[in-house]
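The structure file target13.pdb is reproduced below (PDB, C-alpha atoms, pLDDT in the B column).
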```
ATOM      1  CA  MET A   1      61.199  11.184  69.468  1.00 65.00           C
ATOM      2  CA  SER A   2      63.883   9.807  71.772  1.00 82.00           C
ATOM      3  CA  LYS A   3      67.062  11.734  72.539  1.00 84.00           C
ATOM      4  CA  PHE A   4      69.123   8.871  71.126  1.00 88.00           C
ATOM      5  CA  ARG A   5      67.387   9.134  67.733  1.00 88.00           C
ATOM      6  CA  VAL A   6      67.833  12.905  67.719  1.00 87.00           C
ATOM      7  CA  PHE A   7      71.499  12.480  68.636  1.00 89.00           C
ATOM      8  CA  MET A   8      72.238   9.817  66.008  1.00 90.00           C
ATOM      9  CA  GLY A   9      70.296  11.538  63.233  1.00 89.00           C
ATOM     10  CA  SER A  10      71.875  14.889  63.989  1.00 90.00           C
ATOM     11  CA  ALA A  11      75.357  13.426  64.339  1.00 92.00           C
ATOM     12  CA  LEU A  12      75.235  11.640  60.978  1.00 94.00           C
ATOM     13  CA  ALA A  13      73.789  14.634  59.141  1.00 93.00           C
ATOM     14  CA  SER A  14      76.243  16.962  60.878  1.00 93.00           C
ATOM     15  CA  LEU A  15      79.219  14.829  59.951  1.00 94.00           C
ATOM     16  CA  ALA A  16      78.217  14.782  56.284  1.00 95.00           C
ATOM     17  CA  ILE A  17      77.519  18.525  56.154  1.00 94.00           C
ATOM     18  CA  SER A  18      80.705  19.410  58.058  1.00 92.00           C
ATOM     19  CA  VAL A  19      82.962  17.371  55.777  1.00 91.00           C
ATOM     20  CA  VAL A  20      81.378  18.799  52.626  1.00 92.00           C
ATOM     21  CA  ALA A  21      81.602  22.348  54.018  1.00 91.00           C
ATOM     22  CA  GLY A  22      85.228  21.825  55.066  1.00 87.00           C
ATOM     23  CA  PHE A  23      86.210  20.945  51.532  1.00 88.00           C
ATOM     24  CA  ALA A  24      83.858  23.450  49.864  1.00 87.00           C
ATOM     25  CA  GLN A  25      85.262  26.444  51.760  1.00 86.00           C
ATOM     26  CA  ALA A  26      88.431  26.321  49.629  1.00 83.00           C
ATOM     27  CA  ASN A  27      86.579  26.560  46.290  1.00 83.00           C
ATOM     28  CA  ARG A  28      87.241  29.667  44.257  1.00 85.00           C
ATOM     29  CA  VAL A  29      86.786  30.853  40.708  1.00 87.00           C
ATOM     30  CA  VAL A  30      89.029  33.139  38.660  1.00 87.00           C
ATOM     31  CA  ILE A  31      87.227  35.934  36.829  1.00 89.00           C
ATOM     32  CA  ILE A  32      89.350  38.392  34.837  1.00 90.00           C
ATOM     33  CA  GLY A  33      92.414  37.312  36.784  1.00 89.00           C
ATOM     34  CA  ILE A  34      90.790  37.849  40.190  1.00 88.00           C
ATOM     35  CA  LYS A  35      90.293  34.908  42.528  1.00 85.00           C
ATOM     36  CA  ILE A  36      86.833  34.964  44.067  1.00 84.00           C
ATOM     37  CA  PRO A  37      86.481  32.552  47.036  1.00 81.00           C
ATOM     38  CA  TYR A  38      82.817  31.646  46.600  1.00 87.00           C
ATOM     39  CA  GLY A  39      83.317  28.477  48.660  1.00 87.00           C
ATOM     40  CA  LEU A  40      83.589  30.388  51.938  1.00 89.00           C
ATOM     41  CA  PRO A  41      80.051  31.835  51.951  1.00 91.00           C
ATOM     42  CA  LEU A  42      78.753  28.613  50.402  1.00 92.00           C
ATOM     43  CA  ALA A  43      80.210  26.498  53.220  1.00 92.00           C
ATOM     44  CA  LEU A  44      78.970  28.871  55.919  1.00 93.00           C
ATOM     45  CA  LEU A  45      75.460  28.946  54.448  1.00 94.00           C
ATOM     46  CA  LEU A  46      75.462  25.160  54.187  1.00 94.00           C
ATOM     47  CA  CYS A  47      76.283  24.881  57.895  1.00 93.00           C
ATOM     48  CA  ILE A  48      73.733  27.509  58.945  1.00 94.00           C
ATOM     49  CA  PHE A  49      70.906  25.979  56.935  1.00 94.00           C
ATOM     50  CA  GLY A  50      71.941  22.523  58.128  1.00 93.00           C
ATOM     51  CA  VAL A  51      71.550  23.594  61.760  1.00 94.00           C
ATOM     52  CA  LEU A  52      68.230  25.306  61.090  1.00 92.00           C
ATOM     53  CA  TRP A  53      66.918  22.275  59.213  1.00 91.00           C
ATOM     54  CA  LEU A  54      67.976  19.830  61.942  1.00 91.00           C
ATOM     55  CA  ASN A  55      66.426  22.004  64.657  1.00 90.00           C
ATOM     56  CA  ARG A  56      63.173  22.191  62.730  1.00 89.00           C
ATOM     57  CA  PHE A  57      63.106  18.536  61.691  1.00 89.00           C
ATOM     58  CA  PHE A  58      63.665  17.254  65.217  1.00 88.00           C
ATOM     59  CA  GLY A  59      61.869  20.162  66.933  1.00 85.00           C
ATOM     60  CA  THR A  60      64.608  20.713  69.497  1.00 86.00           C
ATOM     61  CA  ARG A  61      67.767  22.766  69.947  1.00 88.00           C
ATOM     62  CA  PHE A  62      69.551  19.603  71.050  1.00 91.00           C
ATOM     63  CA  ALA A  63      69.980  18.756  67.345  1.00 90.00           C
ATOM     64  CA  GLY A  64      71.733  22.090  66.793  1.00 90.00           C
ATOM     65  CA  LEU A  65      73.987  21.506  69.781  1.00 93.00           C
ATOM     66  CA  VAL A  66      74.974  18.102  68.387  1.00 93.00           C
ATOM     67  CA  PHE A  67      75.712  19.780  65.034  1.00 93.00           C
ATOM     68  CA  LEU A  68      77.937  22.333  66.761  1.00 93.00           C
ATOM     69  CA  VAL A  69      79.967  19.687  68.589  1.00 93.00           C
ATOM     70  CA  ILE A  70      80.357  17.511  65.473  1.00 94.00           C
ATOM     71  CA  TRP A  71      81.290  20.575  63.383  1.00 93.00           C
ATOM     72  CA  VAL A  72      84.044  21.551  65.842  1.00 93.00           C
ATOM     73  CA  ILE A  73      85.451  18.009  65.968  1.00 93.00           C
ATOM     74  CA  THR A  74      85.340  17.655  62.167  1.00 92.00           C
ATOM     75  CA  THR A  75      86.916  21.072  61.600  1.00 89.00           C
ATOM     76  CA  LEU A  76      89.725  20.253  64.016  1.00 88.00           C
ATOM     77  CA  GLN A  77      90.346  16.964  62.227  1.00 88.00           C
ATOM     78  CA  LEU A  78      90.452  18.728  58.849  1.00 84.00           C
ATOM     79  CA  ALA A  79      92.956  21.254  60.230  1.00 85.00           C
ATOM     80  CA  ILE A  80      95.401  18.570  61.393  1.00 85.00           C
ATOM     81  CA  GLU A  81      97.923  17.285  58.876  1.00 81.00           C
ATOM     82  CA  SER A  82      97.502  13.580  58.096  1.00 79.00           C
ATOM     83  CA  PRO A  83     100.480  11.164  58.224  1.00 82.00           C
ATOM     84  CA  SER A  84     100.654  11.310  54.422  1.00 83.00           C
ATOM     85  CA  GLY A  85     100.938  15.116  54.490  1.00 78.00           C
ATOM     86  CA  ASP A  86      97.370  15.989  53.430  1.00 75.00           C
ATOM     87  CA  LEU A  87      95.841  19.110  54.923  1.00 77.00           C
ATOM     88  CA  VAL A  88      92.316  20.306  54.126  1.00 76.00           C
ATOM     89  CA  LEU A  89      92.246  23.544  56.126  1.00 77.00           C
ATOM     90  CA  SER A  90      95.574  25.103  55.237  1.00 78.00           C
ATOM     91  CA  ALA A  91      96.902  28.406  56.575  1.00 80.00           C
ATOM     92  CA  THR A  92      95.033  30.787  54.256  1.00 80.00           C
ATOM     93  CA  TRP A  93      92.816  33.744  55.035  1.00 83.00           C
ATOM     94  CA  TYR A  94      89.660  31.993  53.813  1.00 81.00           C
ATOM     95  CA  SER A  95      90.364  28.886  55.933  1.00 83.00           C
ATOM     96  CA  SER A  96      90.898  31.108  58.957  1.00 87.00           C
ATOM     97  CA  ALA A  97      87.724  33.036  58.127  1.00 87.00           C
ATOM     98  CA  TYR A  98      85.829  29.733  57.793  1.00 86.00           C
ATOM     99  CA  VAL A  99      86.951  28.580  61.234  1.00 88.00           C
ATOM    100  CA  ILE A 100      86.290  31.899  63.000  1.00 90.00           C
ATOM    101  CA  ALA A 101      83.061  32.857  61.224  1.00 91.00           C
ATOM    102  CA  GLY A 102      81.870  29.255  61.311  1.00 90.00           C
ATOM    103  CA  ALA A 103      82.353  28.982  65.062  1.00 91.00           C
ATOM    104  CA  ILE A 104      80.429  32.207  65.639  1.00 92.00           C
ATOM    105  CA  LEU A 105      77.626  31.550  63.150  1.00 91.00           C
ATOM    106  CA  VAL A 106      77.101  27.858  63.895  1.00 91.00           C
ATOM    107  CA  SER A 107      77.012  28.417  67.663  1.00 92.00           C
ATOM    108  CA  ALA A 108      74.626  31.369  67.293  1.00 91.00           C
ATOM    109  CA  THR A 109      72.385  29.439  64.916  1.00 89.00           C
ATOM    110  CA  ALA A 110      72.359  26.380  67.177  1.00 88.00           C
ATOM    111  CA  MET A 111      70.818  28.478  69.949  1.00 89.00           C
ATOM    112  CA  VAL A 112      67.953  29.817  67.825  1.00 85.00           C
ATOM    113  CA  PRO A 113      64.627  28.268  68.892  1.00 83.00           C
ATOM    114  CA  PRO A 114      63.399  25.714  66.335  1.00 80.00           C
ATOM    115  CA  MET A 115      60.790  26.906  63.868  1.00 77.00           C
ATOM    116  CA  ARG A 116      57.403  25.307  64.320  1.00 74.00           C
ATOM    117  CA  LYS A 117      56.067  23.084  61.578  1.00 68.00           C
ATOM    118  CA  PRO A 118      52.827  24.257  59.955  1.00 67.00           C
ATOM    119  CA  GLU A 119      49.719  22.680  61.481  1.00 67.00           C
ATOM    120  CA  SER A 120      48.838  20.836  58.264  1.00 64.00           C
ATOM    121  CA  GLU A 121      52.307  19.259  58.090  1.00 57.00           C
ATOM    122  CA  THR A 122      52.129  18.183  61.729  1.00 56.00           C
ATOM    123  CA  THR A 123      48.719  16.553  61.329  1.00 61.00           C
ATOM    124  CA  GLN A 124      49.844  14.735  58.170  1.00 58.00           C
ATOM    125  CA  ILE A 125      52.848  13.312  60.008  1.00 57.00           C
ATOM    126  CA  GLN A 126      50.648  12.245  62.937  1.00 58.00           C
ATOM    127  CA  ASP A 127      48.178  10.599  60.542  1.00 57.00           C
ATOM    128  CA  VAL A 128      50.954   8.627  58.852  1.00 57.00           C
ATOM    129  CA  VAL A 129      52.406   7.521  62.185  1.00 59.00           C
ATOM    130  CA  ALA A 130      48.981   6.530  63.529  1.00 60.00           C
ATOM    131  CA  HIS A 131      48.258   4.222  60.561  1.00 58.00           C
TER     132      HIS A 131
END
```
Please lay out the structure from this file as structure tokens.
Amino acid sequence: MSKFRVFMGSALASLAISVVAGFAQANRVVIIGIKIPYGLPLALLLCIFGVLWLNRFFGTRFAGLVFLVIWVITTLQLAIESPSGDLVLSATWYSSAYVIAGAILVSATAMVPPMRKPESETTQIQDVVAH
């Protein structure tokens, strides 16, 4: 697979995952009067599994590196107030935790070697491509 295809596929998937995670990190539920920010671990897990999936799908860490760069750019854009006054990542502890923990976890996950596809899955893909 060419580097351009890996880059474009990873960039599009990364953009979608990063935007969803940026909004999801603020989700919380109130149980017995206590706010539980379940969106923070949900958003972080979404990013981690997104990186792992892209690395495995494309078979290279380059996909994870593209995810990391797109995640940083998207997170910075969500943290900047728009001309109309909208702000996705406001100054709260869970937004700060998302940015700090996300930077650490996404960069660490992007450097993990890609998992190998099972032999049967690889041969099926090669058979489909050959025909």
Residues within 12 Å of Ser95 in chain A, only C-alpha atoms, excluding chain neighbours under 4 positions, as a PyMOL selection string:
chain A and resi 21-27+37+39-41+43-44+75-76+78-79+87-91+99-102
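CA of Ser10 in chain A sits 5.5 Å away from CA of Ala63 in chain A.
Ranking A:Val29, A:Ile80, A:Met111, A:Ile73 by their shortest atom-to-atom distance to Thr60 in chain A, with only C-alpha atoms included, puts A:Met111 first.
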Distance query Ala11 in chain A at most 10 Å, only C-alpha atoms, self and fewer than 6 positions along chain excluded, as a VMD selection string
chain A and resid 5 17 63 to 71
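Checking A:Ala13, A:Val72, A:Ile32, A:Val51 one by one against Tyr98 in chain A, counting all atoms listed in the file, you find the shortest gap at A:Val72.
Computed from the coordinates, the CA of Ile48 in chain A to CA of Val106 in chain A distance equals 6.0 Å.
Using all atoms listed in the file, the shortest contact distance between Lys3 in chain A and any of A:Val19, A:Ala110, A:Phe62, A:Leu45 is found at A:Phe62.
Going from CA of Asn55 in chain A over to CA of Val20 in chain A, you cover 19.5 Å.
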